[in-house]
2 protein chains.
Amino acid sequence: MPIVHHERILMAHGGGGRLMHQLIESVFLRPFGNPVLNAAHDSAQFLPPTGRLAFTTDSYVVNPIFFPGGDIGSLAVHGTVNDLAMSGARPIGLSCAFIIEEGLSMETLSRVAKSLAEAAANCGVPIVTGDTKVVERGKCDSIFINTSGIGIMEHSLCISPQGIRPGDAILLSGDLGRHGMAVMALREGLQFESSIESDSAPVHQPVLAMIQAGVSIHCLRDLTRCGLSAALNELAEASGLALQVEESLIPVNEDVHAACELLGLDPLCVANEARFIAFIPAAESEMALNVLRSFQVSGNAVCIGQVMNPGDPAVLIKSRMGSIRLLDMPSGELLPRIC
Amino acid sequence: MPIVHHERILMAHGGGGRLMHQLIESVFLRPFGNPVLNAAHDSAQFLPPTGRLAFTTDSYVVNPIFFPGGDIGSLAVHGTVNDLAMSGARPIGLSCAFIIEEGLSMETLSRVAKSLAEAAANCGVPIVTGDTKVVERGKCDSIFINTSGIGIMEHSLCISPQGIRPGDAILLSGDLGRHGMAVMALREGLQFESSIESDSAPVHQPVLAMIQAGVSIHCLRDLTRCGLSAALNELAEASGLALQVEESLIPVNEDVHAACELLGLDPLCVANEARFIAFIPAAESEMALNVLRSFQVSGNAVCIGQVMNPGDPAVLIKSRMGSIRLLDMPSGELLPRIC
């Protein structure tokens with residue numbers, strides 16, 4: 001059957017027939033190719049290394065799909081790899097499911113697919129299974145991607161909100177707000193003297209290195225939608241403990257600050273894609289910081305606070321002026337479609 | 001914080017803050033709840049039973065989301081459980097990621113979530129991790145769902161297209177075309193004397209029972225998008241063999257036939273959601289059929305043909321009149337958004 005070259009996505013590219021197979025072979029299998037995926041069965045099959053499994057899923061609907069520092073393809077890899085990393089898991093396989101709008105240019109789709117493949121290769125994780133759907137023009141917004149990930153936990157730690165203990169140091173892996181403000185600035189058509197780049201990047205290596213170094217990590221949480229504020233509030237709630245952080249210790253770049261002021265946003269509520277907090281026994285926090293700082297992605301890791309003695313679960317923040325106030329859970333309406 | 005009851009989905013329900021947590025707790029965690037999911041960490045963690053893993057993903061964009069015999073929620077479970085079953089895998093965990101259109105009624109979302117939860121419970125598989133995104137009105141079509149699934153293969157068979165051998169019997173698990181025609185009839189506003197119901201159902205039990213009974217299954221393939229024609233063509237291609245089936249042996253219900261004629265469709269190219277073909281050594285085909293027929297979902301299983309001696313990979317179909325013709329790969333434009 002002759003292969004007809006199409007410049008734009010047609011409904012038939014999602015129909016399950018000849019055109020879908022041509023699309024999968026030309027746009028996806030070429031960049032994604034690996035033995036498990038190439039077997040092209042209904043599911044990927046593999047013998048996992050011994051250990052507990054971590055399993056996670058995320059759909060990506062970021063708008064626009066290309067932004068300074070990344071795109072929806074690389075984001076879909078980093079986000080899911082990082083979710084696995086928050087269990088201290090090494091990623092061993094990703095799935096990748098595209099929902100594509102009819103009429104999307106094949107060039108755009110290819111660019112996203114290549115970026116996704118490159119990000120996965122950089123993380124050392126194969127894409128082992130996938131799916132392609134096409135919906136009519138106007139029924140989605142160019143591309144939505146779901147990636148699910150399987151990771152293996154090669155350690156005996158129980159990294160979870162329930163592991164948090166009074167006295168734990170709260171470490172932050174770097175400066176806040178870059179992903180959210182990179183996307184928002186683009187969307188709002190803001191021009192800044194220095195353009196803000198998303199921090200989108202994988203963080204599994206510094207996490208695995210901390211475990212390797214013997215740091216007894218109590219809990220990890222990435223700072224995606226609604227940023228540090230939401231993560232701290234979720235963990236205060238889940239652990240039943242009060243968490244206190246110090247505003248002056250939380251790094252925020254100047255241009256992010258400026259953009260946040262312009263849009264009336266709090267950098268603590270803005271999404272990041274390579275930032276996480278780690279709850280570490282105070283005695284091990286220096287060791288943990290040294291490990292984190294040996295990786296570029298977490299080169300500016302700092303301690304921003306600690307877990308207080310039991311009390312009501314709450315998040316307290318000490319301002320630059322020394323006053324202490326509650327840091328509330330953001331409601332969530334400010335930054336839609338950031339990831 | 002007081003819980004405000006919203007009747008419709010707001011953008012903030014996907015924002016990562018307070019409203020998203022309320023949505024997840026009220027609409028998802030209640031029906032889906034299980035210990036792994038309730039741990040509410042970034043990823044589900046569990047120790048898998050020993051064996052090879054199967055891993056699969058599918059996004060569901062079916063339109064309309066409710067149809068005779070099912071809805072997008074139950075479909076999202078059956079489709080992914082069935083993909084795992086096609087490896088002979090027992091499903092052990094599902095992920096579930098919703099992309100929801102702003103303004104969708106909370107009642108509709110709840111109805112879908114409950115149906116999804118019920119289908120998963122019926123399959124004996126927990127939903128262990130999830131994700132919720134909301135996009136602006138007009139940027140998706142009410143609900144898209146991605147489910148990914150992990151299964152465990154508790155057998156030593158290598159069930160794959162490469163396992164197909166000349167002489168294998170080709171078994172079909174039941175009548176064709178009901179899912180596709182149920183959705184199409186509804187969409188086209190067709191009225192039939194007897195309304196067609198989707199066949200949407202899980203098929204892992206008959207598959208696992210065949211394995212249990214010692215049937216040395218060579219290959220399995222579900223007949224979803226583009227139906228039997230696409231599945232046979234894919235497997236002819238992947239195995240490098242010629243497959244021959246007999247039209248008169250392929251069961252199609254009268255009302256499906258009538259609907260197909262009206263819409264100019266071939267029932268062999270129409271999607272099913274509980275139908276599969278099994279490639280079985282001829283000597284074991286009676287045993288396999290007996291096992292399949294002991295389950296309601298595959299009660300009408302039949303042998304529809306066999307794998308020919310090596311030649312060019314092709315799918316041949318013997319008509320009711322006795323003539324033999326090529327059964328082509330459908331191009332895929334006829335039945336959009338069927339799953």
# chains A, B, ... in the order shown; residues from 1 in each chain; ligands from 1
call {"tool": "calpha_fit_and_write", "arguments": {"fixed": "chain A", "moving": "chain B", "output": "CSV table (one decimal) with C-alpha atoms, in the first residue's frame"}}
result
chain,number,residue,atom,x,y,z
B,1,MET,CA,0.1,0.0,0.0
B,2,PRO,CA,1.7,3.3,-1.0
B,3,ILE,CA,2.4,5.7,1.9
B,4,VAL,CA,0.7,9.0,1.2
B,5,HIS,CA,2.3,11.9,3.0
B,6,HIS,CA,-0.1,14.1,4.9
B,7,GLU,CA,0.9,17.6,6.1
B,8,ARG,CA,-1.9,17.7,8.7
B,9,ILE,CA,-3.6,15.3,11.1
B,10,LEU,CA,-6.8,13.8,9.7
B,11,MET,CA,-9.5,12.1,11.7
B,12,ALA,CA,-8.4,8.8,10.1
B,13,HIS,CA,-5.0,9.1,11.7
B,14,GLY,CA,-6.8,8.1,14.9
B,15,GLY,CA,-9.1,5.5,13.4
B,16,GLY,CA,-7.1,2.4,14.0
B,17,GLY,CA,-6.5,1.6,10.3
B,18,ARG,CA,-3.8,2.1,7.7
B,19,LEU,CA,-3.3,5.8,8.3
B,20,MET,CA,-2.9,5.4,12.0
B,21,HIS,CA,-0.3,2.7,11.5
B,22,GLN,CA,1.6,5.0,9.1
B,23,LEU,CA,1.4,7.8,11.6
B,24,ILE,CA,2.7,5.7,14.4
B,25,GLU,CA,5.5,4.3,12.4
B,26,SER,CA,6.7,7.6,10.9
B,27,VAL,CA,6.1,10.0,13.8
B,28,PHE,CA,6.3,7.9,17.0
B,29,LEU,CA,8.2,4.6,16.5
B,30,ARG,CA,11.2,6.2,14.8
B,31,PRO,CA,12.1,8.6,17.7
B,32,PHE,CA,10.8,6.3,20.5
B,33,GLY,CA,12.0,3.0,19.1
B,34,ASN,CA,13.2,0.4,21.6
B,35,PRO,CA,12.9,-3.4,21.7
B,36,VAL,CA,9.9,-3.5,24.1
B,37,LEU,CA,8.0,-0.8,22.2
B,38,ASN,CA,8.9,-2.3,18.8
B,39,ALA,CA,7.2,-5.6,19.8
B,40,ALA,CA,4.0,-3.6,19.1
B,41,HIS,CA,1.7,-5.7,21.1
B,42,ASP,CA,-1.4,-4.5,23.0
B,43,SER,CA,0.8,-4.1,26.1
B,44,ALA,CA,4.5,-3.9,26.9
B,45,GLN,CA,5.9,-6.9,28.6
B,46,PHE,CA,9.0,-7.0,30.8
B,47,LEU,CA,10.5,-8.7,33.8
B,48,PRO,CA,10.9,-6.0,36.4
B,49,PRO,CA,14.0,-5.8,38.7
B,50,THR,CA,13.2,-7.0,42.2
B,51,GLY,CA,11.7,-4.4,44.5
B,52,ARG,CA,8.6,-2.4,45.2
B,53,LEU,CA,7.0,-0.7,42.2
B,54,ALA,CA,5.9,2.9,41.9
B,55,PHE,CA,3.2,3.7,39.4
B,56,THR,CA,2.0,7.1,38.5
B,57,THR,CA,0.0,9.0,35.8
B,58,ASP,CA,-0.3,12.6,34.6
B,59,SER,CA,-2.1,14.2,31.7
B,60,TYR,CA,-0.5,17.3,30.2
B,61,VAL,CA,-2.6,20.1,28.8
B,62,VAL,CA,-0.2,23.0,29.0
B,63,ASN,CA,-1.0,26.0,26.9
B,64,PRO,CA,0.9,27.0,24.8
B,65,ILE,CA,2.6,23.7,23.9
B,66,PHE,CA,6.0,25.3,23.3
B,67,PHE,CA,7.4,27.6,25.9
B,68,PRO,CA,10.9,28.9,26.9
B,69,GLY,CA,12.8,26.0,28.4
B,70,GLY,CA,10.6,23.2,27.1
B,71,ASP,CA,7.4,22.0,25.5
B,72,ILE,CA,4.5,19.6,26.2
B,73,GLY,CA,6.7,16.6,25.1
B,74,SER,CA,9.6,17.1,27.4
B,75,LEU,CA,7.3,18.3,30.2
B,76,ALA,CA,5.3,15.0,29.9
B,77,VAL,CA,8.5,13.1,30.6
B,78,HIS,CA,9.9,15.2,33.3
B,79,GLY,CA,6.6,15.5,35.2
B,80,THR,CA,6.1,11.8,35.4
B,81,VAL,CA,9.7,10.9,36.0
B,82,ASN,CA,9.6,13.4,38.9
B,83,ASP,CA,6.5,11.9,40.3
B,84,LEU,CA,8.2,8.6,40.4
B,85,ALA,CA,11.3,10.2,41.9
B,86,MET,CA,9.2,11.5,44.8
B,87,SER,CA,8.9,7.9,45.9
B,88,GLY,CA,12.6,7.4,45.5
B,89,ALA,CA,11.9,5.3,42.5
B,90,ARG,CA,14.1,4.8,39.5
B,91,PRO,CA,12.0,5.1,36.3
B,92,ILE,CA,12.0,1.9,34.3
B,93,GLY,CA,9.2,2.5,31.7
B,94,LEU,CA,6.9,5.2,30.5
B,95,SER,CA,3.6,4.9,28.5
B,96,CYS,CA,2.7,7.8,26.2
B,97,ALA,CA,-0.8,8.5,25.0
B,98,PHE,CA,-1.5,11.4,22.6
B,99,ILE,CA,-4.9,13.0,22.0
B,100,ILE,CA,-4.4,15.1,18.9
B,101,GLU,CA,-6.7,17.7,17.3
B,102,GLU,CA,-7.6,17.2,13.7
B,103,GLY,CA,-5.7,19.6,11.4
B,104,LEU,CA,-2.6,19.8,13.6
B,105,SER,CA,0.4,20.1,11.4
B,106,MET,CA,2.5,17.0,11.2
B,107,GLU,CA,5.6,19.1,11.7
B,108,THR,CA,4.3,20.3,15.1
B,109,LEU,CA,3.4,16.7,16.2
B,110,SER,CA,6.8,15.5,15.1
B,111,ARG,CA,8.6,18.2,17.0
B,112,VAL,CA,6.7,17.3,20.2
B,113,ALA,CA,7.3,13.6,19.6
B,114,LYS,CA,11.1,14.2,19.1
B,115,SER,CA,11.3,16.4,22.2
B,116,LEU,CA,9.5,13.7,24.2
B,117,ALA,CA,11.8,11.0,22.9
B,118,GLU,CA,14.9,13.1,23.6
B,119,ALA,CA,13.7,13.9,27.2
B,120,ALA,CA,13.0,10.2,27.8
B,121,ALA,CA,16.5,9.2,26.5
B,122,ASN,CA,18.1,11.8,28.7
B,123,CYS,CA,16.3,10.3,31.7
B,124,GLY,CA,17.4,6.8,30.7
B,125,VAL,CA,13.8,5.6,30.6
B,126,PRO,CA,12.2,3.8,27.6
B,127,ILE,CA,8.8,4.6,26.3
B,128,VAL,CA,7.4,1.1,26.2
B,129,THR,CA,3.7,1.4,25.2
B,130,GLY,CA,1.5,4.1,23.7
B,131,ASP,CA,-1.8,5.2,22.2
B,132,THR,CA,-3.0,7.7,19.6
B,133,LYS,CA,-6.4,9.3,19.4
B,134,VAL,CA,-7.6,12.1,17.1
B,135,VAL,CA,-10.6,14.3,17.8
B,136,GLU,CA,-12.3,16.7,15.5
B,137,ARG,CA,-11.1,20.3,15.1
B,138,GLY,CA,-12.2,22.4,18.1
B,139,LYS,CA,-12.7,19.3,20.3
B,140,CYS,CA,-9.3,19.5,22.0
B,141,ASP,CA,-6.5,22.1,22.0
B,142,SER,CA,-3.8,20.9,19.6
B,143,ILE,CA,-2.2,18.2,21.7
B,144,PHE,CA,-2.9,16.6,25.1
B,145,ILE,CA,-0.4,14.0,26.3
B,146,ASN,CA,-0.8,11.4,29.1
B,147,THR,CA,2.3,9.7,30.4
B,148,SER,CA,2.2,7.0,33.0
B,149,GLY,CA,5.3,5.7,34.6
B,150,ILE,CA,6.6,2.6,36.4
B,151,GLY,CA,9.5,2.9,38.7
B,152,ILE,CA,11.4,0.5,40.9
B,153,MET,CA,12.3,1.3,44.5
B,154,GLU,CA,15.7,-0.1,45.2
B,155,HIS,CA,15.7,1.0,48.9
B,156,SER,CA,13.9,0.1,52.1
B,157,LEU,CA,12.9,3.7,53.0
B,158,CYS,CA,9.2,4.5,53.3
B,159,ILE,CA,9.2,7.9,51.7
B,160,SER,CA,5.7,9.3,52.3
B,161,PRO,CA,3.8,12.1,54.1
B,162,GLN,CA,3.3,9.7,57.1
B,163,GLY,CA,7.1,9.5,57.4
B,164,ILE,CA,7.5,13.2,58.3
B,165,ARG,CA,8.7,13.8,61.9
B,166,PRO,CA,8.9,16.8,64.2
B,167,GLY,CA,12.4,18.3,63.9
B,168,ASP,CA,12.8,17.3,60.3
B,169,ALA,CA,14.6,19.9,58.1
B,170,ILE,CA,12.7,21.1,55.1
B,171,LEU,CA,15.0,21.3,52.1
B,172,LEU,CA,14.1,23.0,48.8
B,173,SER,CA,15.9,22.0,45.6
B,174,GLY,CA,16.2,25.4,44.0
B,175,ASP,CA,14.5,28.7,43.1
B,176,LEU,CA,10.8,29.0,42.7
B,177,GLY,CA,8.3,30.0,40.0
B,178,ARG,CA,10.2,29.7,36.8
B,179,HIS,CA,7.9,27.1,35.0
B,180,GLY,CA,4.7,28.9,35.8
B,181,MET,CA,6.0,32.3,35.0
B,182,ALA,CA,7.6,31.2,31.7
B,183,VAL,CA,4.2,29.9,30.5
B,184,MET,CA,2.2,32.8,31.9
B,185,ALA,CA,4.5,35.4,30.5
B,186,LEU,CA,4.2,33.9,27.1
B,187,ARG,CA,0.5,33.5,27.4
B,188,GLU,CA,-0.1,37.1,28.6
B,189,GLY,CA,2.3,38.4,26.0
B,190,LEU,CA,4.5,40.0,28.6
B,191,GLN,CA,8.0,41.2,27.6
B,192,PHE,CA,10.7,41.1,30.2
B,193,GLU,CA,14.2,42.3,30.0
B,194,SER,CA,15.5,38.9,30.7
B,195,SER,CA,13.1,36.2,29.4
B,196,ILE,CA,12.2,33.6,32.0
B,197,GLU,CA,12.9,29.9,31.2
B,198,SER,CA,10.9,27.0,32.6
B,199,ASP,CA,12.9,24.9,35.1
B,200,SER,CA,11.5,21.7,33.5
B,201,ALA,CA,14.0,19.0,34.1
B,202,PRO,CA,14.2,15.5,35.7
B,203,VAL,CA,15.2,15.3,39.4
B,204,HIS,CA,15.5,11.5,39.8
B,205,GLN,CA,19.3,11.6,39.8
B,206,PRO,CA,19.7,13.8,42.9
B,207,VAL,CA,17.0,11.9,44.7
B,208,LEU,CA,18.6,8.5,43.9
B,209,ALA,CA,22.0,9.9,44.9
B,210,MET,CA,20.7,11.0,48.3
B,211,ILE,CA,19.4,7.5,48.9
B,212,GLN,CA,22.7,6.0,47.7
B,213,ALA,CA,24.6,8.3,50.1
B,214,GLY,CA,22.5,6.9,53.0
B,215,VAL,CA,20.3,9.9,53.7
B,216,SER,CA,17.2,8.6,55.4
B,217,ILE,CA,14.7,10.7,53.5
B,218,HIS,CA,11.3,11.0,55.3
B,219,CYS,CA,9.3,12.5,52.5
B,220,LEU,CA,9.6,14.2,49.1
B,221,ARG,CA,7.1,16.3,47.2
B,222,ASP,CA,7.4,18.1,43.9
B,223,LEU,CA,6.2,21.6,43.6
B,224,THR,CA,4.0,21.5,40.6
B,225,ARG,CA,0.5,23.0,40.4
B,226,CYS,CA,0.1,25.7,43.0
B,227,GLY,CA,3.7,25.4,44.0
B,228,LEU,CA,5.3,25.4,47.4
B,229,SER,CA,2.2,26.6,49.2
B,230,ALA,CA,0.0,23.7,48.0
B,231,ALA,CA,2.7,21.1,48.7
B,232,LEU,CA,3.4,22.3,52.2
B,233,ASN,CA,-0.3,22.5,53.0
B,234,GLU,CA,-1.0,19.0,51.6
B,235,LEU,CA,1.9,17.6,53.7
B,236,ALA,CA,0.9,19.4,56.9
B,237,GLU,CA,-2.6,17.9,56.4
B,238,ALA,CA,-1.4,14.4,55.6
B,239,SER,CA,1.2,14.3,58.4
B,240,GLY,CA,-0.9,16.1,61.0
B,241,LEU,CA,2.0,18.4,61.8
B,242,ALA,CA,2.9,22.1,61.7
B,243,LEU,CA,5.5,23.1,59.2
B,244,GLN,CA,7.4,26.4,59.4
B,245,VAL,CA,9.4,28.0,56.6
B,246,GLU,CA,11.3,31.3,56.4
B,247,GLU,CA,10.5,33.6,53.5
B,248,SER,CA,14.0,35.0,53.3
B,249,LEU,CA,15.5,31.6,52.8
B,250,ILE,CA,13.3,30.8,49.8
B,251,PRO,CA,15.1,31.6,46.5
B,252,VAL,CA,13.1,33.4,43.8
B,253,ASN,CA,14.9,35.0,40.9
B,254,GLU,CA,14.4,38.7,40.3
B,255,ASP,CA,12.7,38.4,36.9
B,256,VAL,CA,10.3,35.8,38.3
B,257,HIS,CA,9.6,38.3,41.2
B,258,ALA,CA,9.0,41.1,38.7
B,259,ALA,CA,6.6,38.9,36.6
B,260,CYS,CA,4.7,37.8,39.6
B,261,GLU,CA,4.2,41.4,40.8
B,262,LEU,CA,3.0,42.4,37.4
B,263,LEU,CA,0.4,39.6,37.3
B,264,GLY,CA,-0.5,39.8,41.0
B,265,LEU,CA,0.8,36.3,41.8
B,266,ASP,CA,2.6,34.9,44.8
B,267,PRO,CA,5.8,33.0,43.7
B,268,LEU,CA,5.1,30.5,46.5
B,269,CYS,CA,1.9,29.5,44.6
B,270,VAL,CA,3.4,29.2,41.2
B,271,ALA,CA,4.2,25.9,39.5
B,272,ASN,CA,7.7,24.5,39.1
B,273,GLU,CA,8.8,21.4,37.1
B,274,ALA,CA,12.1,20.6,38.7
B,275,ARG,CA,11.6,21.7,42.2
B,276,PHE,CA,10.9,19.6,45.2
B,277,ILE,CA,11.0,19.7,49.0
B,278,ALA,CA,12.6,17.0,51.0
B,279,PHE,CA,12.0,16.2,54.7
B,280,ILE,CA,15.2,15.0,56.2
B,281,PRO,CA,16.3,14.3,59.8
B,282,ALA,CA,18.0,17.5,61.0
B,283,ALA,CA,21.3,15.7,61.6
B,284,GLU,CA,21.5,14.5,58.0
B,285,SER,CA,20.4,17.8,56.3
B,286,GLU,CA,24.0,19.0,55.6
B,287,MET,CA,24.8,15.7,54.0
B,288,ALA,CA,21.6,15.8,51.9
B,289,LEU,CA,22.3,19.4,50.8
B,290,ASN,CA,25.8,18.4,49.7
B,291,VAL,CA,24.5,15.7,47.6
B,292,LEU,CA,21.8,17.9,46.0
B,293,ARG,CA,24.3,20.7,45.3
B,294,SER,CA,26.5,18.3,43.3
B,295,PHE,CA,23.8,18.1,40.6
B,296,GLN,CA,23.1,21.1,38.3
B,297,VAL,CA,19.3,20.7,38.6
B,298,SER,CA,19.5,21.1,42.4
B,299,GLY,CA,22.7,23.1,42.6
B,300,ASN,CA,21.0,25.8,44.7
B,301,ALA,CA,19.3,23.6,47.2
B,302,VAL,CA,18.7,25.2,50.6
B,303,CYS,CA,17.1,24.5,53.9
B,304,ILE,CA,14.0,26.6,54.2
B,305,GLY,CA,12.5,25.5,57.5
B,306,GLN,CA,11.6,22.7,59.8
B,307,VAL,CA,8.8,20.5,61.1
B,308,MET,CA,7.5,21.8,64.4
B,309,ASN,CA,6.5,19.9,67.5
B,310,PRO,CA,3.0,18.4,67.3
B,311,GLY,CA,0.2,20.9,67.2
B,312,ASP,CA,-2.5,21.6,64.8
B,313,PRO,CA,-1.5,20.8,61.2
B,314,ALA,CA,-0.7,24.1,59.6
B,315,VAL,CA,1.9,25.9,57.5
B,316,LEU,CA,3.6,28.9,59.1
B,317,ILE,CA,5.8,31.3,57.3
B,318,LYS,CA,8.2,33.8,58.9
B,319,SER,CA,8.3,37.0,56.9
B,320,ARG,CA,11.4,39.0,56.3
B,321,MET,CA,10.2,41.3,59.0
B,322,GLY,CA,10.1,38.5,61.5
B,323,SER,CA,6.4,38.1,61.9
B,324,ILE,CA,4.8,34.7,61.5
B,325,ARG,CA,1.6,34.1,59.6
B,326,LEU,CA,-0.4,31.2,58.2
B,327,LEU,CA,0.4,30.2,54.6
B,328,ASP,CA,-3.0,29.1,53.2
B,329,MET,CA,-3.8,26.5,50.6
B,330,PRO,CA,-4.3,28.4,47.3
B,331,SER,CA,-7.7,27.9,45.8
B,332,GLY,CA,-6.3,27.2,42.4
B,333,GLU,CA,-7.9,29.5,39.9
B,334,LEU,CA,-4.9,31.7,39.1
B,335,LEU,CA,-2.8,29.6,36.8
B,336,PRO,CA,-4.8,27.3,34.6
B,337,ARG,CA,-3.2,24.8,32.1
B,338,ILE,CA,0.3,25.3,33.4
B,339,CYS,CA,1.1,21.6,33.0
call {"tool": "select_by_dssp", "arguments": {"residues": "region 14-136 of chain B", "states": "strand (DSSP E)", "output": "MDAnalysis selection string"}}
result
chainID B and resid 44:46 52:60 66:67 70:71 90:101 127:135
call {"tool": "select_by_dssp", "arguments": {"residues": "region 26-275 of chain B", "states": "helix (DSSP H, G or I)", "output": "PyMOL selection string"}}
result
chain B and resi 26-32+35-38+72-85+106-123+161-163+178-187+204-212+227-239+247-249+254-263+267-269
